[in-house]
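The structure appears below as structure tokens.
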Amino acid sequence: MGFFERMRNGLIRFMYGRNGMDQLNRALLWGYLAVLLLRMLTLGVLRGPAYRAWSVVWEIVTWALIVLIFFRMFSKNLYKRREENQKWVNAWWKVKSRWSGARARHADKDHKYFTCSRCKTICRVPVGKGKIVITCPKCGAQIRGRT
């Protein structure tokens with residue numbers, strides 16, 4: 001058994017029962033890289049006392065992110081980490097699906113979409129019907145509009 005194979009097996013044994021990298025950790029890592037990029041851009045422009053102040057702020061933010069990433073990665077409290085990850089995945093899914101749904105509605109030229117002011121339900125109506133009054137299927141509110 002070679003050196004690298006022993007190192008690999010040792011790392012596998014060490015990580016057994018630990019959280020590792022999940023979707024939230026990947027997002028935190030991308031956030032860390034974005035903060036590093038912003039830090040390079042802003043500190044390259046600043047001089048004098050403003051440089052020192054922003055330098056300290058960026059240091060604190062980058063260290064906090066990297067400590068959080070490593071804490072989550074090596075944590076043995078799998079229940080808590082999976083719960084945090086599930087909350088992140090659910091929130092990200094809402095953002096992602098809202099964005100893709102808006103893009104699909106914008107591409108649909110055969111229908112006009114109205115949003116209920118009371119319950120925020122999206123109602124679809126065929127284009128070319130003139131002035132109409134729509135009754136929201138969810139809450140029964142009246143929506144007036146032109147198609």
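Scheme for the structure tokens: letters A, B, ... for chains in order shown; per-chain residue numbers from 1; ligand numbers from 1 in order shown.
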### Query
region 30-136 of chain A: which residues are helix (DSSP H, G or I) by DSSP, as a ChimeraX atom specification?
/A:30-45,49-74,78-107
Include C-alpha atoms and write out the residues we just selected as a PDB file, in the first residue's frame.
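For reference, out.pdb as written:
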```pdb
ATOM      1  CA  TRP A  30     -18.955  30.600  -3.657  1.00  0.00           C
ATOM      2  CA  GLY A  31     -19.846  33.468  -1.301  1.00  0.00           C
ATOM      3  CA  TYR A  32     -16.338  33.320   0.143  1.00  0.00           C
ATOM      4  CA  LEU A  33     -14.832  33.532  -3.349  1.00  0.00           C
ATOM      5  CA  ALA A  34     -17.126  36.461  -4.207  1.00  0.00           C
ATOM      6  CA  VAL A  35     -16.067  38.273  -1.014  1.00  0.00           C
ATOM      7  CA  LEU A  36     -12.397  37.677  -1.880  1.00  0.00           C
ATOM      8  CA  LEU A  37     -12.971  39.141  -5.341  1.00  0.00           C
ATOM      9  CA  LEU A  38     -14.795  42.166  -3.909  1.00  0.00           C
ATOM     10  CA  ARG A  39     -12.017  42.600  -1.382  1.00  0.00           C
ATOM     11  CA  MET A  40      -9.379  42.654  -4.114  1.00  0.00           C
ATOM     12  CA  LEU A  41     -11.386  45.148  -6.178  1.00  0.00           C
ATOM     13  CA  THR A  42     -12.176  47.546  -3.341  1.00  0.00           C
ATOM     14  CA  LEU A  43      -8.810  47.419  -1.608  1.00  0.00           C
ATOM     15  CA  GLY A  44      -7.042  48.023  -4.914  1.00  0.00           C
ATOM     16  CA  VAL A  45      -8.831  51.379  -5.198  1.00  0.00           C
ATOM     17  CA  PRO A  49      -7.344  55.290   6.616  1.00  0.00           C
ATOM     18  CA  ALA A  50     -10.235  54.034   4.466  1.00  0.00           C
ATOM     19  CA  TYR A  51      -7.976  51.207   3.275  1.00  0.00           C
ATOM     20  CA  ARG A  52      -7.221  50.101   6.835  1.00  0.00           C
ATOM     21  CA  ALA A  53     -10.882  50.234   7.923  1.00  0.00           C
ATOM     22  CA  TRP A  54     -12.175  48.267   4.931  1.00  0.00           C
ATOM     23  CA  SER A  55      -9.269  45.867   5.189  1.00  0.00           C
ATOM     24  CA  VAL A  56     -10.326  44.919   8.716  1.00  0.00           C
ATOM     25  CA  VAL A  57     -13.976  44.516   7.646  1.00  0.00           C
ATOM     26  CA  TRP A  58     -13.041  42.261   4.713  1.00  0.00           C
ATOM     27  CA  GLU A  59     -10.702  40.203   6.921  1.00  0.00           C
ATOM     28  CA  ILE A  60     -13.453  39.603   9.477  1.00  0.00           C
ATOM     29  CA  VAL A  61     -15.976  38.601   6.804  1.00  0.00           C
ATOM     30  CA  THR A  62     -13.580  36.229   4.997  1.00  0.00           C
ATOM     31  CA  TRP A  63     -12.429  34.581   8.219  1.00  0.00           C
ATOM     32  CA  ALA A  64     -16.014  34.206   9.457  1.00  0.00           C
ATOM     33  CA  LEU A  65     -17.016  32.520   6.199  1.00  0.00           C
ATOM     34  CA  ILE A  66     -14.068  30.129   6.123  1.00  0.00           C
ATOM     35  CA  VAL A  67     -14.537  29.196   9.801  1.00  0.00           C
ATOM     36  CA  LEU A  68     -18.241  28.550   9.150  1.00  0.00           C
ATOM     37  CA  ILE A  69     -17.418  26.394   6.115  1.00  0.00           C
ATOM     38  CA  PHE A  70     -14.912  24.273   8.045  1.00  0.00           C
ATOM     39  CA  PHE A  71     -17.202  24.063  11.091  1.00  0.00           C
ATOM     40  CA  ARG A  72     -20.057  22.731   8.954  1.00  0.00           C
ATOM     41  CA  MET A  73     -17.749  20.404   7.012  1.00  0.00           C
ATOM     42  CA  PHE A  74     -16.221  18.705  10.054  1.00  0.00           C
ATOM     43  CA  LEU A  78     -25.440  15.488  11.221  1.00  0.00           C
ATOM     44  CA  TYR A  79     -29.059  16.147  12.173  1.00  0.00           C
ATOM     45  CA  LYS A  80     -28.500  19.893  12.643  1.00  0.00           C
ATOM     46  CA  ARG A  81     -26.323  20.259   9.521  1.00  0.00           C
ATOM     47  CA  ARG A  82     -28.837  18.391   7.364  1.00  0.00           C
ATOM     48  CA  GLU A  83     -31.635  20.534   8.758  1.00  0.00           C
ATOM     49  CA  GLU A  84     -29.679  23.723   7.888  1.00  0.00           C
ATOM     50  CA  ASN A  85     -28.907  22.356   4.442  1.00  0.00           C
ATOM     51  CA  GLN A  86     -32.570  21.478   3.812  1.00  0.00           C
ATOM     52  CA  LYS A  87     -33.657  25.012   4.738  1.00  0.00           C
ATOM     53  CA  TRP A  88     -31.089  26.389   2.290  1.00  0.00           C
ATOM     54  CA  VAL A  89     -32.155  24.009  -0.491  1.00  0.00           C
ATOM     55  CA  ASN A  90     -35.834  24.936   0.007  1.00  0.00           C
ATOM     56  CA  ALA A  91     -35.092  28.685  -0.056  1.00  0.00           C
ATOM     57  CA  TRP A  92     -32.856  28.352  -3.109  1.00  0.00           C
ATOM     58  CA  TRP A  93     -35.480  26.248  -4.888  1.00  0.00           C
ATOM     59  CA  LYS A  94     -38.080  28.991  -4.369  1.00  0.00           C
ATOM     60  CA  VAL A  95     -35.758  31.592  -5.876  1.00  0.00           C
ATOM     61  CA  LYS A  96     -34.755  29.347  -8.756  1.00  0.00           C
ATOM     62  CA  SER A  97     -38.296  28.243  -9.607  1.00  0.00           C
ATOM     63  CA  ARG A  98     -39.637  31.792  -9.380  1.00  0.00           C
ATOM     64  CA  TRP A  99     -36.944  32.952 -11.800  1.00  0.00           C
ATOM     65  CA  SER A 100     -37.548  30.137 -14.289  1.00  0.00           C
ATOM     66  CA  GLY A 101     -41.337  30.592 -14.015  1.00  0.00           C
ATOM     67  CA  ALA A 102     -41.025  34.322 -14.721  1.00  0.00           C
ATOM     68  CA  ARG A 103     -38.856  33.576 -17.733  1.00  0.00           C
ATOM     69  CA  ALA A 104     -41.404  31.055 -19.034  1.00  0.00           C
ATOM     70  CA  ARG A 105     -44.302  33.502 -18.508  1.00  0.00           C
ATOM     71  CA  HIS A 106     -42.398  36.210 -20.365  1.00  0.00           C
ATOM     72  CA  ALA A 107     -41.792  33.857 -23.300  1.00  0.00           C
TER      73      ALA A 107
END
```
### Message
So that I can see what lies close to Lys138 (chain A), please list as a VMD selection string the residues with an atom at most 12 Å from it, counting only C-alpha atoms and leaving out residues fewer than 3 positions away in the same chain.
### Response
chain A and resid 115 to 123 134 to 135 141 to 142
### Message
For the strand (DSSP E or B) assignment from backbone DSSP, which residues of chain A qualify? Please present them as a list in words.
### Response
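DSSP on the backbone gives strand (DSSP E or B) at His111, Lys112, Tyr113, Phe114, Thr115, Ile122, Cys123, Arg124, Val125, Pro126, Lys131, Ile132, Val133, Ile134, Thr135, Gln142, Ile143, Arg144, Gly145 and Arg146 of chain A.
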### Query
Between CA of Asn9 (chain A) and CA of Gln23 (chain A), what is the distance, to one decimal in Å?
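Rounded to one decimal, the two atoms are 24.5 Å apart.
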### Atom-to-atom span, CA of His111 (chain A) and CA of Val125 (chain A), Å
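About the pair CA of His111 (chain A) and CA of Val125 (chain A): they are 5.4 Å apart.
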## Note on the structure
CA of Lys131 (chain A) to CA of Thr147 (chain A) measures 6.6 Å
### Task
For each of A:Cys139, A:Met21, A:Val127, A:Leu11, take the minimum atom-to-atom distance to Lys109 (chain A), counting only C-alpha atoms, then give the residue where this is smallest.
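So, comparing all the options, the nearest one is A:Val127.
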